[in-house]
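Let me begin by presenting the structure, written as structure tokens, before commenting on it.
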Amino acid sequence: MNLPLRSQPANDAGQNTDTASGTEPKLAQAARFIRMHSIAAIYHAGSGHPGGAMSSAELFACLYGAEMNVRPGGIDDPSRDRFVLSKGHGAPALYATGAHFGFCDARAALALRKLGSPFQGHPHVLDLPWVETSTGSLGQGISVAVGMALGLRIQKNPARVYCLLGDGEMQEGEVWEAAMSAAHHELSRLTAVVDYNKLQSDASNDSIMRLEPLADKWRAFGWNVQEIDGHDVTAILDAFHNTGLNAELSKVPSLIIAHTIKGKGVPYMENIPAWHGSVKFTRAQAEEALTALGADAGQIAEFLDDL
Amino acid sequence: MTSSSPTASLHEAGPALIASNGDSLREAFGKALSAMADEFPKLVVLDADIAGGTGVHHFRKSHPERFVQFGIAEQNMMAAAGGMAAVGLVPVVTTFAVFCLRAIEQARLSLCYARRNAKIVASHPGLDVGPDGGSAQALEDLAAFRAIPGMTVISPADATEMALATRAILEFDGPVYMRTGRSPAPRLFGDDHRFEIGKGQVLRDGTDLTIIACGAEVARALAAHDLLAADGISARIVNMPTIKPIDSALVARCSRETGAIVTAEDHNIHGGLGGAVAEALAATHPCPVEFVGVKDMFGASGEPEELAHHYEIAAPHIAEAAKRVMKRK
């Protein structure tokens with residue numbers, strides 16, 4: 001398989017074609033590119049958060065490749081759907097996603113965390129308008145998404161708002177303020193997705209600050225909750241399809257708890273909290289990761305040789 | 001006991017709520033916002049269950065479709081304002097000044113770093129809060145919000161200026177932190193008063209020193225002017241409603257022309273108006289400065305005028321600071 005660093009086919013329209021045949025393989029391929037590009041960018045940066053980028057790759061691929069009505073030529077279109085990366089340290093995966101779907105240049109996006117690069121360690125809307133808002137302080141993105149959903153509704157704009165939360169992030173009280181307000185204001189066009197990889201910076205969620213029973217908590221806060229395998233593209237698309245129905249038929253916001261594996265796709269990284277970040281890859285580690293993800297020697301060179 | 005219980009009639013009448021006073025800056029703000037709403041169709045007002053205290057109960061009544069209730073959850077409200085601004089609205093976040101401090105990191109990231117056209121309007125600043133006591137008296141807000149890049153910081157002096165400043169911040173494109181005030185405040189300005197962001201005004205000319213004040217201290221500075229005049233001292237009085245960006249040109253001119261400056265604010269002496277003036281002086285035309293404000297302490301319960309005397313920010317204390325600074329010329 002060939003995953004050239006440049007000229008990924010830009011899906012230049014809001015696809016919203018649900019699970020048309022052929023979509024899932026393309027999304028799986030996009031997820032693979034997102035993982036490889038994230039590894040490469042973090043390698044070049046000398047720091048960054050790889051574990052969560054690996055766990056969220058299919059979620060990003062499905063959001064930008066199928067679910068959301070966004071396109072590179074329409075980042076100022078008022079009717080576009082909005083995405084907020086509340087777990088701002090997942091930036092490498094967001095940039096890789098943007099690179100794959102044509103929102104930014106794939107090679108430029110390898111200059112992660114470099115002085116003068118718009119690809120900062122956490123997303124900044126003034127540097128990259130298509131990231132929609134600046135995040136990086138956990139808990140704020142979900143509130144911004146609530147504000148977007150409220151503001152769109154006040155202006156009778158039917159665009160939808162999507163937000164990706166980290167699991168450790170839900171230890172921030174602001175998340176629950178936001179959860180309460182979204183339900184109170186009946187923001188059915190808001191969908192939050194939890195990248196539930198069970199690990200946070202230092203250790204497991206369970207050992208740091210228990211989140212369970214997570215689905216029950218969100219249901220108690222008045223949300224429509226689904227639990228899925230966050231690496232199963234078909235399951236992700238089905239869950240988004242259900243949130244679309246929910247948006248039309250109900251008055252409650254949607255939450256998708258995506259059970260994921262931190263470091264997914266890179267065996268030495270999977271389920272090891274030390275790869276949360278911020279880590280420095282050796283060339284050998286980066287090569288091993290890309291190889292595990294299916295890159296050949298040419299692609300490894302293209303991703304990892306000096307920028 | 002008679003058959004008609006006195007408590008029954010009390011319950012029917014309901015408790016006497018101590019709502020915002022008609023002469024306060026918060027009431028002036030709330031009324032102005034309501035009156036201007038039709039000129040600013042993108043304006044939305046955010047509240048955290050204290051609309052009766054911040055003055056925006058007027059807006060809630062006049063424009064309920066643009067009034068958004070966030071409950072007692074200021075962090076979510078502040079960041080949500082960023083989201084509302086991101087989709088083209090002009091949100092005005094309203095709460096007490098101390099609760100703005102609770103959400104300052106949300107103001108930093110989701111409003112200022114993202115450069116949103118959002119406004120924070122804080123009632124209950126400083127000792128002016130009065131009987132609610134030390135926990136409720138924000139004496140750090142001007143310093144804290146002034147330190148955020150891109151944040152404009154404003155503290156008007158009376159109801160007339162409050163209304164003008166309300167219009168000015170809605171016409172201005174960018175994040176703003178603005179104080180109102182809880183307690184009744186004397187009218188200082190007439191209908192011909194002008195307000196421009198970043199500009200101070202000489203209210204009384206003088207030659208021996210300049211007193212630069214903002215908010216509730218402007219009226220006290222004017223009173224200090226008269227106390228000093230009785231002692232033969234000619235004090236120039238400057239109203240400085242914009243703390244950031246400070247009117248450096250006016251500060252430097254006052255330094256050149258009077259040679260000594262007193263700053264007066266209902267705020268900690270560190271980091272607020274005094275800090276801003278001192279920074280401007282250091283960069284332009286240094287002169288001796290005395291700082292009138294709360295001396296790095298918390299407040300306490302009491303009536304605002306009692307507190308002003310207790311914490312030494314009343315007119316006689318400004319006059320004493322003026323005499324001190326003149327000795328240093």
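Scheme for the structure tokens: letters A, B, ... for chains in order shown; per-chain residue numbers from 1; ligand numbers from 1 in order shown.
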
> Which residues come within 8 Å of Ile154 of chain A, counting only C-alpha atoms, excluding same-chain residues fewer than 3 positions away, as a list in words?
Replying inline: Leu150, Gly151 and Asn157 of chain A; Glu65 and Arg66 of chain B

Given the selection you just returned, output its residues as a file containing N, CA, C and O atoms, formatted as an mmCIF file, in the first residue's frame.
```cif
data_model
loop_
_atom_site.group_PDB
_atom_site.id
_atom_site.type_symbol
_atom_site.label_atom_id
_atom_site.label_comp_id
_atom_site.auth_asym_id
_atom_site.auth_seq_id
_atom_site.Cartn_x
_atom_site.Cartn_y
_atom_site.Cartn_z
ATOM 1 N N LEU A 150 -24.764 26.641 21.297
ATOM 2 C CA LEU A 150 -25.752 27.642 21.707
ATOM 3 C C LEU A 150 -25.805 28.791 20.704
ATOM 4 O O LEU A 150 -26.886 29.239 20.301
ATOM 5 N N GLY A 151 -24.616 29.264 20.330
ATOM 6 C CA GLY A 151 -24.544 30.410 19.424
ATOM 7 C C GLY A 151 -25.109 30.096 18.052
ATOM 8 O O GLY A 151 -25.772 30.937 17.430
ATOM 9 N N ASN A 157 -28.736 28.531 12.874
ATOM 10 C CA ASN A 157 -27.799 27.839 11.985
ATOM 11 C C ASN A 157 -27.819 26.346 12.365
ATOM 12 O O ASN A 157 -27.537 26.000 13.513
ATOM 13 N N GLU B 65 -34.526 36.435 24.472
ATOM 14 C CA GLU B 65 -34.009 35.501 23.470
ATOM 15 C C GLU B 65 -32.496 35.608 23.313
ATOM 16 O O GLU B 65 -31.873 34.738 22.720
ATOM 17 N N ARG B 66 -31.926 36.689 23.848
ATOM 18 C CA ARG B 66 -30.468 36.849 23.762
ATOM 19 C C ARG B 66 -29.824 36.846 25.144
ATOM 20 O O ARG B 66 -28.704 37.310 25.333
#
```

>> Give me, as a PyMOL selection string, the residues of segment 20-63 of chain A that a backbone DSSP run labels helix (DSSP H, G or I).
In response: chain A and resi 23-45+50-55+57-63

> Given a cut-off of 6 Å, which residues of chain A touch chain B, counting only C-alpha atoms, written out as a list in words?
Replying inline: Ser134, Gln140, Ser143, Val144, Ala145, Val146, Gly147, Met148, Gly151, Glu174, Glu177 and Ala178 of chain A

> Smallest atom-to-atom distance to Gln200 of chain A: which of A:Ala239, A:Val125, A:Ile261, A:Ala108, using only C-alpha atoms?
Replying inline: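 When distances to Gln200 of chain A are compared using only C-alpha atoms, the smallest one comes from A:Ile261.
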
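Note that atom CA of Ala219 of chain B and atom CA of Arg194 of chain B are 17.0 Å apart.
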
>> Taking 4 positions as the minimum chain separation for residues in the same chain, which residues sit within 10 Å of segment 232-239 of chain B when counting only C-alpha atoms? Answer as a PyMOL selection string.
In response: chain B and resi 156-157+199-215+217-219+221-222+224-228+250-251+254+257-258+260-263+319+322-323+326

> Quick one: residues within 6 Å of Leu139 of chain B, only C-alpha atoms counted, chain neighbours fewer than 3 positions away excluded, as number ranges by chain?
Replying inline: B: 126, 267-268

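Omitting Val193 of chain A and its sequence neighbours fewer than 3 positions away, and counting only C-alpha atoms, the residues within 6 Å are Leu164, Leu165, Leu255, Ile256 and Ile257 of chain A.
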
Write the residues of the selection above to a file with N, CA and C atoms, as a compact mmCIF listing (two decimals), in the first residue's frame.
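The file below, selection_12.txt, is the result:
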```
# COMPACT_ATOMS: atom_id res chain seq x y z
N LEU A 164 -13.96 16.31 20.93
CA LEU A 164 -13.25 15.11 21.39
C LEU A 164 -12.65 15.37 22.76
N LEU A 165 -13.08 14.56 23.72
CA LEU A 165 -12.63 14.66 25.10
C LEU A 165 -11.64 13.54 25.41
N LEU A 255 -23.35 11.62 23.58
CA LEU A 255 -21.98 11.26 23.98
C LEU A 255 -21.66 9.88 23.42
N ILE A 256 -20.50 9.77 22.80
CA ILE A 256 -20.01 8.47 22.36
C ILE A 256 -18.79 8.13 23.21
N ILE A 257 -18.90 7.09 24.00
CA ILE A 257 -17.73 6.60 24.74
C ILE A 257 -17.03 5.60 23.84
```

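Using only C-alpha atoms for every distance, the candidate list A:His276, A:Lys26, A:His124, A:Arg160 yields A:Lys26 as the residue closest to Thr234 of chain A.
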